[in-house]
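> Questions regarding the structure given below will be posed in turn.
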Amino acid sequence: MTHLDIQGLSVTIPSPAGPVQAVRSIDLCIAKGEIHGLIGESGCGKTMIGMALLGLTPAGAQVAARVFKFDRIDLATSAAALRGKRIALISQDPAAALNPVLTIGRQMDDVLLTHSQQRKKDRTAAAAALLAATGLPDAAKLMKRYPHQLSGGMQQRVVIAQALATGADFLIADEPTTALDVTVGAQVLALLRKLVADRGLTVLMITHDMDVVAAVCDRATVLYAGLSVETGPASAILTRPRHPYTSALLAALPDAAPHGQKLAAIEGQIPPSTETISGCAFELRCPVATAVCHGAPPPARGSDDHHWLCHLAEGAP
Amino acid sequence: MDLVRYTLRRVFLSVFVVVGVTFLVFVVAQVVPSDPAALYAGPRPTAEQIAKARVTLDLDAPLPQRFVRFATAMGTGDFGVSYKSRRLISQDLRVYLPATLELASFSTFLALLLGIPAGVIAAARRGSWLDRLGSLGSILSVAMPTFFFAMLLQLVFSQWLGILPLAGRLSQQMSISDPLPFLTGFNLIDAVTAGRPAVFLDALAHLILPALTLAAYPAGIAMRLTRAAMIEILAGRHIVAARALGLSAPRILFGHALPNAVGPALTVIGLSFAYALTGAVLVEIIFAWPGLGRYVSEAILSKDFPVIAAATLVVTLCYVMMNLVIDLTQTLVDPRVALT
Amino acid sequence: MSAFVRRLGFGGTLCLALIVTFALLALFAPWLSPYPDQGMGTPNVIAKLKPPAATFWLGTDHLGRDVLSRVIFGARVSMSAGLLIVAFSLLIGLPVGLLAGYFGGWVDEALMRITDVFLAFPALLLAVLLAAALGPGLLNSIVAVAVTWWPWYARMARAEVLVLRGQPYVEAASVMGVSQGRILIRHILPSAARPLLVQAALDVGPALLTASSLSFLGLGVLPPTADWGKMVDEGRKFFPDRWWVSTAPGIAIFLLALAFSVLGDALRDREGGKRRDAP
C-alpha cells in the first residue's frame with residue numbers, strides 16, 4: 001500500500017540570478033513500513049524534498065506536483081498541519097538541531113506538550129520512556145543536562161526520541177549519520193531499523209552514502225540534478241543499476257575499484273539549477289551518451305518495481 | 001560541577017580585582033600627587049600647617065602600612081574628609097551616589113528600550129530603510145562627543161521646543177517648598193512611596209535628557225548586537241528543527257529563540273551601565289545633576305583627591321559587582337559559558 | 001586611484017580625505033588660519049563674542065579670538081592626542097600580551113590579572129583620576145588615557161599569540177632549536193601585530209573623544225593653547241545664546257572621530273577582522 005505518493009514534484013526558489021530549480025521533477029512512492037533511501041550528491045535537491053514534505057520550503061518558494069499525497073491526504077494544502085504530527089524530521093547535525101541553552105528534558109517536554117494533553121508528570125514519564133527506547137539509559141539524569149554535555153551519538157538519539165515524541169508515523173531522516181563517527185553511525189542506523197520494525201514507522205532516509213542504503217534501506221531512489229533518475233529495490237540499485245549515473249556513482253566508491261587502480265571519479269559537474277534542461281540531464285557526463293540523448297527528455301523504462309529514465313534501451317554499461 | 005567551579009573562580013577573581021583596584025586608586029590618589037599635605041593644609045599654608053597635615057594624613061609612614069590603613073578605611077566606609085569642604089565624604093556619597101545610579105539605571109533602561117526592538121526589527125527586515133537608518137545611527141552615535149550631544153539636546157528640547165527642563169533633578173519649587181523625604185535617594189521611587197505623582201512626573205521630565213544623552217551610544221551597540229544575535233538565532237538549525245517537530249510559532253519564538261537572545265541582552269546591560277557611570281562625569285556637569293559625576297568634576301578643579309579617589313572606588317565597585325552579577329546570570333541562561 | 005577607492009569604499013575614501021585635510025590644517029595651521037596669533041591664544045578683547053560674519057567666519061570667543069583659527073590650531077592637539085594615545089597603548093599592550101601569551105604559566109596569570117584590574121575601572125574615570133594626579137597638560141592627559149587603554153591591546157595580542165603559538169611553522173621553528181626571543185620577534189610578532197594595528201586605527205576616534213572629554217573637564221592642555229574639548233567647555237557658559245563658540249569645535253571633534261571610525265571600519269572589513277565593542 002502506497003503511503004507516500006509523489007509524482008512530478010518541483011520546487012522553484014526565486015533568487016537574484018533568476019529562479020532556481022532546486023527540485024525539477026521527482027517521483028517518489030513509499031509503502032508503509034518501508035525504509036526508502038533517497039540518494040544523491042550534494043546540491044541535487046535531497047534536503048529540499050524533505051523540506052517540501054514538511055511544508056518548510058524557504059519563503060517565496062513554489063512547490064508544484066501532479067500528485068502530492070501522504071496517506072491519501074493532499075500535502076499541497078496540509079503539509080503544515082501534518083508537520084510534527086504525522087511527519088517528523090531527524091535532522092542532519094544533531095548538535096545544531098538541539099537548542100544549546102535548554103535542557104534535554106525541557107526540549108523533550110516542549111514536543112510532548114505540543115502533541116498531547118498529558119500532565120507534567122505523565123509527560124516526564126513519557127519522555128523517559130522514549131529516551132530509553134532510543135537506547136539512552138538513566139533518562140532522569142540525562143534530562144537535566146544540556147546538549148553540549150552529550151556525545152554526538154547521544155545527541156542524535158535525543159533527536160530521534162524527539163521525533164518519536166511527536167507521535168509521527170513517517171520520519172524524514174536527513175543524513176542522520178553524516179556528523180557521526182562510523183561506528184556510532186552504524187549504531188544509530190541499527191536503532192532506526194529496530195524502531196521501524198517495533199513501531200511500524202516509515203522512513204525516508206536522505207543520504208549521499210551507498211553504505212547507508214546497503215545497511216538499512218528496503219528501496220531507494222537515485223536523484224540527479226533535481227530529478228529522480230532511478231527507483232528500485234535497494235539490492236537491485238546496488239548490484240544491478242540500470243541508469244548510467246547510478247552505476248557511475250557505485251563505481252566511484254573507494255572499494256569498487258580493484259586495488260591499485262584509479263578510482264572512477266565522475267567527470268564534470270551537475271548542470272546549474274538555474275538552467276532549464278531540454279534533453280537528458282546526465283548527458284554531458286554520461287560515458288555512453290549518444291546523439292539521441294540530446295533532444296528530448298529520456299523516457300521511463302523498466303517495471304513498476306524497478307524503473308529508470310534513459311534514452312538507451314540497454315542502460316548502464 | 002562546571003558551574004560551581006566557574007562561580008567560585010569568578011567570585012575569587014572579583015575579590016582580587018577589588019583589592020587591585022583599591023591599590024591602584026591608593027597609588028594614584030596618594031602617591032602620585034606631588035604634595036597632598038600642602039593641598040590638605042588649605043590655601044597658602046604655612047610650613048607649620050603643612051607639617052601638621054603630614055601627620056594628620058599619615059604621610060611619613062611606610063607605603064605598605066599606609067596602603068593597609070587606606071584599604072581598611074575604605075572597606076569600613078570611612079572615605080575621609082574632603083580637602084575643600086571639610087565634610088565627611090561618606091555623607092556626600094550617600095546623597096550623590098543614588099542620584100548617579102538613578103541616572104545610570106534609567107539610561108540603561110532607555111538604551112535597551114530603544115536598541116533591542118530596533119535590533120529585532122532590523123534583523124526581521126534586513127536591508128530595509130529602517131535597518132539602514134539604524135546602522136547609520138549607530139555609526140554616528142559612536143563618534144558623537146557625549147558632552148556636545150548633551151548640549152545639542154538642551155538646545156533642541158529645552159531651548160527651542162521648550163518641552164523638557166534644561167537642567168537639575170527637580171524643579172526649584174518642588175525641591176524647596178516641599179522636599180521629598182529621603183528614602184532610597186532615587187527620586188522616582190521616593191516619589192512613588194511618598195504618593196506624589198506630580199513630583200514623579202517632574203523627576204521623570206528632568207531625567208529624560210541626561211539619560212537620553214547617556215543612552216545614545218549604548219542604544220547603538222544594543223541595536224547592532226541584537227540584530228546580529230537575532231539573525232544568527234533565527235537562522236539556527238534548532239529553530240528549523242523545532243518547526244519540523246510541529247512546535248507552534250509563539251512557543252518557538254518565546255521558548256526557544258528568546259532564551260538564546262538573553263545572553264547578548266545581558267552583555268548590552270553591562271556595557272550601557274558602565275558607559276552611563278563613566279559618562280556621568282561629563283553629563284552631570286552640563287545638566288547640573290547633583291550626582292557623583294558632578295561631585296568628581298568639581299573635586300578635580302580643587303584637586304580634592306580624597307573625593308576623586310572615593311568616588312572612583314565606589315563607582316568601580318558598582319561596576320565590578322554589576323559585571324559579576326551579569327556573568328553569573330549568563331551561566332544560568334547559557335550553561336556553555338561556564339566551560340570557557 | 002579608482003582601484004584605491006574600490007578597496008576602501010566610497011565612505012572610507014571620503015573619510016581618509018577628511019583626515020588628510022585635518023592633518024594638513026594641523027601641520028600648516030600658522031599659514032592656513034586667518035588669525036594665527038589668535039589661534040595661538042593672543043586675546044583680542046575688542047571683538048568679544050562676535051557672531052559669524054565676513055571678518056570672523058565662525059565668530060569669536062569670550063576673549064575675542066577667531067573661532068576658526070582656534071579650531072584649526074585645535075586640530076594639532078586632537079590629532080596628536082588621538083594618535084599618541086593609541087601609539088602609547090600599543091607600546092605597552094603589545095609586549096605585555098606577547099609575553100603573556102607566549103610564555104603562559106605564571107607569567108600569563110600575573111600579567112593578565114594586572115590587566116583585569118585595569119579593565120575593572122570604567123575607563124574614563126581612571127583617566128580622570130590619573131590626569132588629576134599628574135596635573136593638567138597635554139602629555140599628562142595622553143598618558144592618563146593610555147594607561148586605561150593598553151589592557152585591551154594586551155588581551156588582544158595574547159589571544160593572537162595563543163593561536164599563532166600552535167601553528168605548525170612556529171612549532172617547527174621551536175623544534176629546530178630557534179631561540180625563543182627570535183621566534184617571538186620573527187615569527188609571532190608580525191602576524192600578531194596586524195589585527196592589532198587595524199584595531200588601533202579603529203580606536204583613534206574613541207581615543208581622541210576621550211582626550212577631548214578630559215580636556216572638557218579641564219584636565220587637558222594648558223591655556224592659552226587651543227583645544228576642541230576645552231573650547232566646547234568655554235563656550236558652554238554662553239550656550240545656547242552664543243552657540244557658535246561651542247558648536248564649531250564640537251562639530252570638529254565629531255567629524256574627525258567619525259572619519260577615523262568609518263575609515264577603521266573600512267580597513268577592518270578589508271582585513272576581515274572582528275569588531276570589539278567597548279566604551
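Labels used: A, B, ... for chains in the order of the C-alpha cells, numbers from 1 for residues in each chain, and numbers from 1 for ligands as shown.
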Please find the residues of chain A near chain B - the criterion being any atom within 8 Å, counting only C-alpha atoms - and write them as number ranges by chain.
A: 54, 56, 83-85, 88-91, 96-102, 110-111, 114, 146, 148, 162-163, 166
> Please report, as a Markdown table, each residue of chain C lying at most 9 Å from chain B, together with the nearest pair of atoms and the separation in Å rounded to one decimal; use only C-alpha atoms, and order rows by chain and ascending residue number.

```
| residue | atom | partner | partner_atom | distance |
| --- | --- | --- | --- | --- |
| C:Arg113 | CA | B:Val17 | CA | 7.8 |
| C:Ile114 | CA | B:Gly20 | CA | 7.8 |
| C:Asp116 | CA | B:Val17 | CA | 6.7 |
| C:Val117 | CA | B:Val17 | CA | 5.1 |
| C:Phe118 | CA | B:Val21 | CA | 7.4 |
| C:Ala120 | CA | B:Val320 | CA | 6.2 |
| C:Phe121 | CA | B:Thr316 | CA | 5.3 |
| C:Pro122 | CA | B:Thr278 | CA | 5.8 |
| C:Ala123 | CA | B:Thr278 | CA | 7.3 |
| C:Leu124 | CA | B:Thr278 | CA | 5.9 |
| C:Leu125 | CA | B:Thr278 | CA | 6.0 |
| C:Leu126 | CA | B:Thr312 | CA | 7.0 |
| C:Val128 | CA | B:Ile300 | CA | 8.2 |
| C:Leu129 | CA | B:Ile308 | CA | 6.4 |
| C:Leu130 | CA | B:Val28 | CA | 6.2 |
| C:Ala132 | CA | B:Ile300 | CA | 6.2 |
| C:Ala133 | CA | B:Pro33 | CA | 4.9 |
| C:Leu134 | CA | B:Pro33 | CA | 6.4 |
| C:Gly135 | CA | B:Pro33 | CA | 8.0 |
| C:Gly205 | CA | B:Ala143 | CA | 6.9 |
| C:Pro206 | CA | B:Ala143 | CA | 7.2 |
| C:Leu209 | CA | B:Pro145 | CA | 6.1 |
| C:Thr210 | CA | B:Pro145 | CA | 8.5 |
| C:Ser212 | CA | B:Pro145 | CA | 8.1 |
| C:Ser213 | CA | B:Leu282 | CA | 7.3 |
| C:Phe216 | CA | B:Phe147 | CA | 8.1 |
| C:Leu217 | CA | B:Ser297 | CA | 6.7 |
| C:Gly218 | CA | B:Leu301 | CA | 7.5 |
| C:Leu219 | CA | B:Ile300 | CA | 8.2 |
| C:Gly229 | CA | B:Phe147 | CA | 8.9 |
| C:Val232 | CA | B:Phe148 | CA | 7.3 |
| C:Asp233 | CA | B:Phe147 | CA | 8.7 |
| C:Arg236 | CA | B:Met151 | CA | 8.1 |
| C:Phe239 | CA | B:Met151 | CA | 8.0 |
| C:Pro240 | CA | B:Leu155 | CA | 6.3 |
| C:Ser246 | CA | B:Phe148 | CA | 8.1 |
| C:Thr247 | CA | B:Phe148 | CA | 8.0 |
| C:Gly250 | CA | B:Phe148 | CA | 5.8 |
| C:Ile251 | CA | B:Phe148 | CA | 8.4 |
| C:Ile253 | CA | B:Pro145 | CA | 7.1 |
| C:Phe254 | CA | B:Met144 | CA | 5.1 |
| C:Leu255 | CA | B:Ala143 | CA | 7.5 |
| C:Leu256 | CA | B:Ala143 | CA | 8.2 |
| C:Ala257 | CA | B:Ala143 | CA | 5.1 |
| C:Leu258 | CA | B:Ala143 | CA | 4.8 |
| C:Ala259 | CA | B:Ala143 | CA | 8.5 |
| C:Phe260 | CA | B:Ala143 | CA | 8.8 |
| C:Ser261 | CA | B:Ala143 | CA | 7.3 |
| C:Val262 | CA | B:Ile139 | CA | 7.8 |
| C:Asp277 | CA | B:Ile221 | CA | 7.4 |
| C:Ala278 | CA | B:Leu271 | CA | 7.0 |
| C:Pro279 | CA | B:Tyr275 | CA | 6.1 |
```
> Just the number, please: distance in Å from CA of Phe106 (chain B) to CA of Leu324 (chain B), one decimal.
20.3 Å
> By how many Å are CA of Gln269 (chain A) and CA of Leu309 (chain A) apart?
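Separation of CA of Gln269 (chain A) and CA of Leu309 (chain A): 19.0 Å.
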> Please compute the CA of Leu49 (chain C)-CA of Asp61 (chain C) distance, one decimal, in Å.
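CA of Asp61 (chain C) lies at a distance of 4.8 Å from CA of Leu49 (chain C).
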> At a cut-off of 7 Å, using only C-alpha atoms, what residues contact region 205-215 of chain A? Leave out same-chain residues fewer than 3 positions from it and give the result as a PyMOL selection string.
chain A and resi 35-41+46+172-175+234
> Export N, CA and C atoms of the chosen residues as a PDB file, in the first residue's frame?

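What follows is the written file again_17.pdb:
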```pdb
ATOM      1  N   ILE A  35      11.784   1.487   4.605  1.00  0.00           N
ATOM      2  CA  ILE A  35      12.843   2.484   4.718  1.00  0.00           C
ATOM      3  C   ILE A  35      13.312   2.775   3.305  1.00  0.00           C
ATOM      4  N   HIS A  36      13.065   3.965   2.870  1.00  0.00           N
ATOM      5  CA  HIS A  36      13.316   4.301   1.484  1.00  0.00           C
ATOM      6  C   HIS A  36      14.502   5.266   1.395  1.00  0.00           C
ATOM      7  N   GLY A  37      15.542   4.851   0.711  1.00  0.00           N
ATOM      8  CA  GLY A  37      16.717   5.713   0.580  1.00  0.00           C
ATOM      9  C   GLY A  37      16.530   6.746  -0.519  1.00  0.00           C
ATOM     10  N   LEU A  38      17.012   7.943  -0.257  1.00  0.00           N
ATOM     11  CA  LEU A  38      16.988   8.997  -1.271  1.00  0.00           C
ATOM     12  C   LEU A  38      18.449   9.403  -1.458  1.00  0.00           C
ATOM     13  N   ILE A  39      19.023   8.966  -2.611  1.00  0.00           N
ATOM     14  CA  ILE A  39      20.471   9.074  -2.774  1.00  0.00           C
ATOM     15  C   ILE A  39      20.821  10.177  -3.751  1.00  0.00           C
ATOM     16  N   GLY A  40      21.856  10.907  -3.448  1.00  0.00           N
ATOM     17  CA  GLY A  40      22.307  11.906  -4.422  1.00  0.00           C
ATOM     18  C   GLY A  40      23.474  12.689  -3.894  1.00  0.00           C
ATOM     19  N   GLU A  41      24.182  13.339  -4.823  1.00  0.00           N
ATOM     20  CA  GLU A  41      25.297  14.199  -4.439  1.00  0.00           C
ATOM     21  C   GLU A  41      24.735  15.447  -3.767  1.00  0.00           C
ATOM     22  N   LYS A  46      18.105  16.954  -2.435  1.00  0.00           N
ATOM     23  CA  LYS A  46      17.649  15.996  -1.439  1.00  0.00           C
ATOM     24  C   LYS A  46      16.931  16.650  -0.275  1.00  0.00           C
ATOM     25  N   ILE A 172      11.448  11.666   8.394  1.00  0.00           N
ATOM     26  CA  ILE A 172      12.407  12.042   7.371  1.00  0.00           C
ATOM     27  C   ILE A 172      13.757  12.111   8.063  1.00  0.00           C
ATOM     28  N   ALA A 173      14.659  11.212   7.715  1.00  0.00           N
ATOM     29  CA  ALA A 173      15.982  11.222   8.334  1.00  0.00           C
ATOM     30  C   ALA A 173      16.958  11.842   7.341  1.00  0.00           C
ATOM     31  N   ASP A 174      17.372  13.075   7.632  1.00  0.00           N
ATOM     32  CA  ASP A 174      18.221  13.806   6.694  1.00  0.00           C
ATOM     33  C   ASP A 174      19.686  13.593   7.079  1.00  0.00           C
ATOM     34  N   GLU A 175      20.365  12.722   6.379  1.00  0.00           N
ATOM     35  CA  GLU A 175      21.770  12.419   6.645  1.00  0.00           C
ATOM     36  C   GLU A 175      22.007  12.192   8.136  1.00  0.00           C
ATOM     37  N   ALA A 234      16.535  -1.760  -3.005  1.00  0.00           N
ATOM     38  CA  ALA A 234      17.894  -1.345  -2.665  1.00  0.00           C
ATOM     39  C   ALA A 234      18.930  -2.317  -3.226  1.00  0.00           C
TER      40      ALA A 234
END
```
> So that I can see what lies close to Leu189 (chain C), please list as a PDB file with N, CA and C atoms, in the first residue's frame the residues with an atom at most 10 Å from it, counting only C-alpha atoms and leaving out residues fewer than 4 positions away in the same chain.

```pdb
ATOM      1  N   LEU C  94      51.093  45.607  23.517  1.00  0.00           N
ATOM      2  CA  LEU C  94      51.597  44.568  22.623  1.00  0.00           C
ATOM      3  C   LEU C  94      52.642  43.685  23.299  1.00  0.00           C
ATOM      4  N   PRO C  95      53.705  44.272  23.887  1.00  0.00           N
ATOM      5  CA  PRO C  95      54.686  43.410  24.563  1.00  0.00           C
ATOM      6  C   PRO C  95      54.081  42.603  25.706  1.00  0.00           C
ATOM      7  N   LEU C  98      52.167  39.754  24.217  1.00  0.00           N
ATOM      8  CA  LEU C  98      53.070  38.786  23.594  1.00  0.00           C
ATOM      9  C   LEU C  98      53.692  37.886  24.647  1.00  0.00           C
ATOM     10  N   ALA C 157      46.464  40.924  21.900  1.00  0.00           N
ATOM     11  CA  ALA C 157      47.741  40.361  21.460  1.00  0.00           C
ATOM     12  C   ALA C 157      47.905  38.960  22.025  1.00  0.00           C
ATOM     13  N   GLU C 160      45.899  36.498  20.079  1.00  0.00           N
ATOM     14  CA  GLU C 160      46.530  36.215  18.782  1.00  0.00           C
ATOM     15  C   GLU C 160      47.683  35.230  18.958  1.00  0.00           C
ATOM     16  N   VAL C 161      48.507  35.496  19.987  1.00  0.00           N
ATOM     17  CA  VAL C 161      49.685  34.650  20.194  1.00  0.00           C
ATOM     18  C   VAL C 161      49.275  33.223  20.500  1.00  0.00           C
ATOM     19  N   LEU C 164      48.673  31.654  17.294  1.00  0.00           N
ATOM     20  CA  LEU C 164      49.878  31.519  16.479  1.00  0.00           C
ATOM     21  C   LEU C 164      50.841  30.478  17.048  1.00  0.00           C
ATOM     22  N   ARG C 182      63.870  34.920  19.270  1.00  0.00           N
ATOM     23  CA  ARG C 182      63.843  35.025  17.815  1.00  0.00           C
ATOM     24  C   ARG C 182      62.484  34.595  17.249  1.00  0.00           C
ATOM     25  N   ILE C 183      61.934  33.500  17.804  1.00  0.00           N
ATOM     26  CA  ILE C 183      60.616  33.044  17.355  1.00  0.00           C
ATOM     27  C   ILE C 183      59.583  34.135  17.596  1.00  0.00           C
ATOM     28  N   LEU C 184      59.662  34.706  18.805  1.00  0.00           N
ATOM     29  CA  LEU C 184      58.692  35.729  19.194  1.00  0.00           C
ATOM     30  C   LEU C 184      58.749  36.907  18.234  1.00  0.00           C
ATOM     31  N   ILE C 185      59.979  37.337  17.919  1.00  0.00           N
ATOM     32  CA  ILE C 185      60.103  38.561  17.115  1.00  0.00           C
ATOM     33  C   ILE C 185      59.937  38.287  15.628  1.00  0.00           C
ATOM     34  N   ALA C 193      50.735  41.428  15.189  1.00  0.00           N
ATOM     35  CA  ALA C 193      50.612  42.882  15.187  1.00  0.00           C
ATOM     36  C   ALA C 193      49.560  43.368  14.187  1.00  0.00           C
ATOM     37  N   ARG C 194      49.359  42.607  13.119  1.00  0.00           N
ATOM     38  CA  ARG C 194      48.441  43.075  12.064  1.00  0.00           C
ATOM     39  C   ARG C 194      47.042  43.407  12.557  1.00  0.00           C
TER      40      ARG C 194
END
```
> Need the shell around region 185-191 of chain A: protein/DNA/RNA residues with any atom at most 8 Å away, counting only C-alpha atoms. Skip same-chain ones fewer than 3 positions apart. Format as a ChimeraX atom specification?
/A:134-135,153,156-157,176-178,180-182,194-195,212,215-216
> Considering only alpha helix (DSSP H) as DSSP defines it on the backbone, what residues of region 192-255 of chain B qualify? List them as a ChimeraX atom specification.
/B:192-193,197-234,237-244,249-250
> Can you tell me, as an mmCIF file with C-alpha atoms, in the first residue's frame, which residues in region 169-278 of chain A count as strand (DSSP E or B) by DSSP?

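File produced: out-v4.cif:
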```cif
data_model
loop_
_atom_site.group_PDB
_atom_site.id
_atom_site.type_symbol
_atom_site.label_atom_id
_atom_site.label_comp_id
_atom_site.auth_asym_id
_atom_site.auth_seq_id
_atom_site.Cartn_x
_atom_site.Cartn_y
_atom_site.Cartn_z
ATOM 1 C CA PHE A 170 6.617 8.930 8.944
ATOM 2 C CA LEU A 171 10.153 10.087 9.665
ATOM 3 C CA ILE A 172 12.407 12.042 7.371
ATOM 4 C CA ALA A 173 15.982 11.222 8.334
ATOM 5 C CA ASP A 174 18.221 13.806 6.694
ATOM 6 C CA THR A 202 8.028 4.552 7.615
ATOM 7 C CA VAL A 203 11.318 6.322 6.959
ATOM 8 C CA LEU A 204 12.607 8.471 4.127
ATOM 9 C CA MET A 205 16.378 8.129 4.503
ATOM 10 C CA ILE A 206 18.123 11.032 2.796
ATOM 11 C CA THR A 207 21.789 10.195 2.222
ATOM 12 C CA ARG A 219 14.073 0.506 -1.576
ATOM 13 C CA ALA A 220 15.891 3.526 -2.928
ATOM 14 C CA THR A 221 15.535 6.418 -5.329
ATOM 15 C CA VAL A 222 18.549 7.999 -7.020
ATOM 16 C CA LEU A 223 18.446 11.743 -7.598
ATOM 17 C CA TYR A 224 20.348 13.673 -10.183
ATOM 18 C CA LEU A 227 15.278 14.551 -10.990
ATOM 19 C CA SER A 228 14.535 11.042 -9.766
ATOM 20 C CA VAL A 229 16.515 9.052 -12.308
ATOM 21 C CA GLU A 230 16.215 5.527 -10.938
ATOM 22 C CA THR A 231 13.992 3.786 -8.402
ATOM 23 C CA GLY A 232 14.025 0.197 -7.299
ATOM 24 C CA PRO A 233 14.728 -2.302 -4.516
#
```
